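Undergrad: Structure incoming, see below.
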Amino acid sequence: MSKQILVTGGTGYIGSHTVVELQKEGFDVVIVDNLSNSRIEVLDNIEKITGIRPAFEQFDLAERDKTDAFFQKYPNIEAIIHFAAHKAVGESVGKPLMYYRNNLVSLMNLLECMKKYDVANMVFSSSCTVYGQPATLPVTESTPRQEAESPYGNTKAICEDIMRDFCKATDSLNCIALRYFNPIGAHESGLIGEFPVGIPNNLVPFITQTAAGLRDELKIFGDDYNTADGTAIRDYINVVDLSKAHVVAINRLLNNKNKKNYEYFNVGTGNGYSVMQLVKTFIEVTGVQLKYQVVERRTGDIEKIYADTSIANNELGWHAEKSLEETLATAWNWEKNVRNID
Ligand code: NAD
Ligand code: UD1
């Protein structure tokens, strides 16, 4: 019988791609999502890609009684991938309690239920934001974490600590935190992708929406950084590659290959690209002109970060496979599908 995996936030951006990869590997997926930042139609599109409609339960994981009822209804869950969280950095500055309540309480409810209903394994969505601006690059897992720049970033650091401490106190529990660098792109089918509500904060959705004519021009935040072209550097990871890292992490836990009962890994490509390099690559790959203008730096942005991926490569046996060119092509393909552009 196929193993049953709970994917929280499974109708969201990274969750939906991970559901597809899990189903392709033969897992039986159950999604929990309150649809606060995603749409129910994502289920149809997952089904179009894989031929399998995942089970779906709509509720808020910050509600303990509903979370309990879920585990009573699904007694065969063997592992959880916990994506569900609020993730808008700017919004978290204005509404910190909303972020702390949603992101921390959801995790604690799940951990308590894991103990109560005997679910041993969890993979958690963390972020390279926990490193702040590192003194040396690339960033390894032993690079010290720094105080978070935002309440959102702080929820990721606190969630990591909660998992670490609860794993220390609970031998039967196994957790892996994956620290994502910058996930971009979409499924090659163009059926699922990133669907930001309102004006996108992140670079690639802003680029594709500008290319699609929804935005007048891209604003490049600063060209006076200490980098070759003056624009900031990030490690952009293809969302399907990132999703595959979750399948690898789940298999590691299910097959008892983890070395400790709380582990964390960097998930990036190891390559840093500047904003200007990314913009130029997008124009080259798609042939679409993009209006852009350099403006002031964005408050809270760091200058450069990219991952040392050797531990993920050697210990997990996972590698990022897709190039920036391929990835940007999938992002544009998705945007065109959403906007009905030929
Ligand atoms: P997303 O907003 O597309 O997906 C999150 C999903 O969780 C949404 O569908 C939302 O409706 C759901 N959700 C939120 N709170 C919930 C709750 N209390 N109960 C039930 N459902 C809830 O975000 P994403 O980009 O797919 O990110 C997934 C995870 O990865 C998040 O934890 C995010 O913080 C983390 N992460 C994302 C990035 C990124 O750049 N996208 C980078 C690092 C880490
Ligand atoms: C941001 C968050 C980070 C979060 C990640 C994923 C901040 C400070 N950091 O990362 O905590 O984990 O999103 O959600 O918000 N850029 C432009 N013009 C734009 C948009 C972005 O020039 O319109 C630049 C940024 O200045 C940055 C790069 O593009 O240098 C990437 O930005 P973005 O996609 O927002 O990701 P991060 O800021 O790295």
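Labels for the structure tokens follow display order: chains A, B, ..., residues from 1 in each chain, ligands from 1.
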Show which residues sit within 6 Å of A:Lys219, as an NGL selection string. Count only C-alpha atoms, and ignore same-chain residues fewer than 2 positions away.
TA: :A and (292-294)
Undergrad: Can you list, as a compact mmCIF listing (two decimals) with N, CA, C and O atoms, in the first residue's frame, every residue of stretch 100-256 of chain A that DSSP puts in strand (DSSP E)?
TA:
```txt
# COMPACT_ATOMS: atom_id res chain seq x y z
N ASN A 121 7.29 11.63 11.43
CA ASN A 121 8.20 12.34 10.53
C ASN A 121 7.65 13.66 10.00
O ASN A 121 6.50 13.71 9.54
N MET A 122 8.49 14.68 10.01
CA MET A 122 8.09 15.96 9.43
C MET A 122 9.23 16.63 8.67
O MET A 122 10.38 16.65 9.14
N VAL A 123 8.88 17.18 7.50
CA VAL A 123 9.81 18.05 6.76
C VAL A 123 9.22 19.46 6.83
O VAL A 123 8.03 19.66 6.56
N PHE A 124 10.04 20.43 7.19
CA PHE A 124 9.56 21.79 7.44
C PHE A 124 10.21 22.78 6.47
O PHE A 124 11.41 22.72 6.20
N SER A 125 9.40 23.75 6.00
CA SER A 125 9.88 24.82 5.10
C SER A 125 10.56 25.91 5.89
O SER A 125 9.89 26.75 6.49
N SER A 126 11.88 25.93 5.86
CA SER A 126 12.57 27.06 6.44
C SER A 126 13.15 27.92 5.31
O SER A 126 12.82 27.70 4.13
N SER A 127 13.99 28.86 5.66
CA SER A 127 14.42 29.83 4.65
C SER A 127 15.86 30.25 4.93
O SER A 127 16.30 30.31 6.08
N ASN A 174 11.07 12.69 14.26
CA ASN A 174 12.16 13.01 13.34
C ASN A 174 11.76 14.19 12.46
O ASN A 174 10.73 14.11 11.78
N CYS A 175 12.56 15.24 12.49
CA CYS A 175 12.23 16.43 11.69
C CYS A 175 13.43 16.85 10.84
O CYS A 175 14.58 16.79 11.31
N ILE A 176 13.13 17.29 9.63
CA ILE A 176 14.15 17.91 8.77
C ILE A 176 13.65 19.29 8.38
O ILE A 176 12.54 19.42 7.86
N ALA A 177 14.47 20.32 8.62
CA ALA A 177 14.16 21.67 8.13
C ALA A 177 14.97 21.88 6.85
O ALA A 177 16.18 21.64 6.83
N LEU A 178 14.27 22.29 5.79
CA LEU A 178 14.96 22.64 4.55
C LEU A 178 15.00 24.16 4.45
O LEU A 178 13.95 24.82 4.51
N ARG A 179 16.21 24.69 4.35
CA ARG A 179 16.36 26.15 4.25
C ARG A 179 16.44 26.51 2.77
O ARG A 179 17.49 26.35 2.13
N TYR A 180 15.29 26.98 2.25
CA TYR A 180 15.23 27.30 0.82
C TYR A 180 15.96 28.59 0.56
O TYR A 180 15.83 29.55 1.31
N ASN A 182 16.15 31.08 -3.06
CA ASN A 182 15.02 31.80 -3.70
C ASN A 182 14.30 30.91 -4.72
O ASN A 182 14.78 30.77 -5.85
N PRO A 183 13.15 30.33 -4.35
CA PRO A 183 12.44 29.45 -5.30
C PRO A 183 11.79 30.27 -6.41
O PRO A 183 11.12 31.27 -6.14
N ILE A 184 11.99 29.84 -7.65
CA ILE A 184 11.37 30.52 -8.80
C ILE A 184 10.94 29.49 -9.84
O ILE A 184 11.30 28.32 -9.76
N LEU A 218 9.57 47.23 -14.25
CA LEU A 218 10.22 46.62 -13.09
C LEU A 218 11.10 47.68 -12.43
O LEU A 218 11.81 48.41 -13.12
N LYS A 219 11.04 47.72 -11.12
CA LYS A 219 11.97 48.60 -10.39
C LYS A 219 13.08 47.72 -9.83
O LYS A 219 12.80 46.78 -9.08
N ILE A 220 14.30 48.01 -10.22
CA ILE A 220 15.45 47.26 -9.70
C ILE A 220 15.92 47.99 -8.45
O ILE A 220 16.30 49.17 -8.52
N PHE A 221 15.88 47.27 -7.33
CA PHE A 221 16.15 47.92 -6.05
C PHE A 221 17.66 48.02 -5.78
O PHE A 221 18.24 47.17 -5.12
N ILE A 233 22.71 39.98 -5.22
CA ILE A 233 22.89 38.59 -5.69
C ILE A 233 22.11 37.61 -4.83
O ILE A 233 22.11 37.69 -3.60
N ARG A 234 21.42 36.66 -5.50
CA ARG A 234 20.66 35.61 -4.82
C ARG A 234 20.93 34.27 -5.51
O ARG A 234 21.36 34.22 -6.66
N TYR A 236 18.92 31.46 -7.02
CA TYR A 236 17.55 31.17 -7.49
C TYR A 236 17.41 29.69 -7.79
O TYR A 236 18.12 29.17 -8.66
N ILE A 237 16.49 29.03 -7.09
CA ILE A 237 16.35 27.58 -7.22
C ILE A 237 15.02 27.24 -7.91
O ILE A 237 13.98 27.76 -7.53
N ASN A 238 15.09 26.37 -8.90
CA ASN A 238 13.89 25.93 -9.62
C ASN A 238 12.92 25.22 -8.67
O ASN A 238 13.31 24.35 -7.90
```
Undergrad: Among stretch 190-235 of chain A, which residues does DSSP mark as helix (DSSP H, G or I) when it is run on the backbone? Keep the chain and numbering as in the structure and answer as number ranges by chain.
TA: A: 203-211
Undergrad: Those same residues - N, CA and C atoms - I'd like them written as a PDB file, in the first residue's frame.
TA:
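Final output, again14.pdb:
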```pdb
ATOM      1  N   LEU A 203      10.873  39.074  -7.062  1.00  0.00           N
ATOM      2  CA  LEU A 203      11.409  39.543  -8.336  1.00  0.00           C
ATOM      3  C   LEU A 203      10.778  38.849  -9.556  1.00  0.00           C
ATOM      4  N   VAL A 204      10.767  37.522  -9.577  1.00  0.00           N
ATOM      5  CA  VAL A 204      10.380  36.851 -10.823  1.00  0.00           C
ATOM      6  C   VAL A 204       8.898  37.059 -11.167  1.00  0.00           C
ATOM      7  N   PRO A 205       7.966  36.930 -10.202  1.00  0.00           N
ATOM      8  CA  PRO A 205       6.578  37.250 -10.565  1.00  0.00           C
ATOM      9  C   PRO A 205       6.411  38.700 -11.021  1.00  0.00           C
ATOM     10  N   PHE A 206       7.218  39.617 -10.467  1.00  0.00           N
ATOM     11  CA  PHE A 206       7.115  41.014 -10.917  1.00  0.00           C
ATOM     12  C   PHE A 206       7.592  41.124 -12.364  1.00  0.00           C
ATOM     13  N   ILE A 207       8.667  40.407 -12.682  1.00  0.00           N
ATOM     14  CA  ILE A 207       9.184  40.425 -14.061  1.00  0.00           C
ATOM     15  C   ILE A 207       8.140  39.850 -15.025  1.00  0.00           C
ATOM     16  N   THR A 208       7.583  38.684 -14.692  1.00  0.00           N
ATOM     17  CA  THR A 208       6.662  38.050 -15.652  1.00  0.00           C
ATOM     18  C   THR A 208       5.380  38.880 -15.787  1.00  0.00           C
ATOM     19  N   GLN A 209       4.921  39.496 -14.697  1.00  0.00           N
ATOM     20  CA  GLN A 209       3.717  40.337 -14.800  1.00  0.00           C
ATOM     21  C   GLN A 209       4.000  41.615 -15.597  1.00  0.00           C
ATOM     22  N   THR A 210       5.224  42.129 -15.497  1.00  0.00           N
ATOM     23  CA  THR A 210       5.588  43.311 -16.296  1.00  0.00           C
ATOM     24  C   THR A 210       5.642  42.901 -17.778  1.00  0.00           C
ATOM     25  N   ALA A 211       6.254  41.749 -18.039  1.00  0.00           N
ATOM     26  CA  ALA A 211       6.340  41.263 -19.418  1.00  0.00           C
ATOM     27  C   ALA A 211       4.943  41.019 -19.998  1.00  0.00           C
TER      28      ALA A 211
END
```
Undergrad: Give me, as a ChimeraX atom specification, the set of residues whose atoms come within 8 Å of any atom of ligand 1, counting only C-alpha atoms and all ligand atoms.
TA: /A:8-16,32-39,58-63,82-87,102-103,106,124-129,152,156,179-184,194-196,202
Undergrad: Which neighbours of A:Glu21 fall inside 10 Å, counting only C-alpha atoms, when residues of the same chain fewer than 2 positions from it are skipped, and could you give them as a PyMOL selection string?
TA: chain A and resi 15-19+23-27+50+240-241+243-247
Undergrad: Which value, in Å to one decimal, gives the distance between atom CA of A:Ala79 and atom CA of A:Leu254?
TA: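 Separation of atom CA of A:Ala79 and atom CA of A:Leu254: 7.7 Å.
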Undergrad: Do you have the atom CA of A:Ser2-atom CA of A:Asn266 distance handy?
TA: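 Straight-line distance from atom CA of A:Ser2 to atom CA of A:Asn266 works out to 28.5 Å.
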Undergrad: With only C-alpha atoms as the basis for distance, which of A:Tyr262, A:Tyr225, A:Tyr117, A:Tyr306 is at the shortest distance from A:Phe166?
TA: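 Residue with the minimum atom-to-atom distance to A:Phe166: A:Tyr262.
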Undergrad: Smallest atom-to-atom distance to ligand 2: which of A:Phe71, A:Tyr131, A:Tyr100, A:Phe265, using only C-alpha atoms and all ligand atoms?
TA: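 Answer, going by the shortest atom-to-atom distance: A:Tyr131.
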Undergrad: What is the distance, in Å and to one decimal place, between atom 39 (O, counted along the ligand's line) of ligand 2 and atom CA of A:Trp332?
TA: 19.5 Å
Undergrad: For A:Asn333, which residue out of A:Ala120, A:Val288, A:Val20, A:Leu111 is the nearest one, using only C-alpha atoms?
TA: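 Checking each candidate against A:Asn333, we get A:Val288 as the closest.
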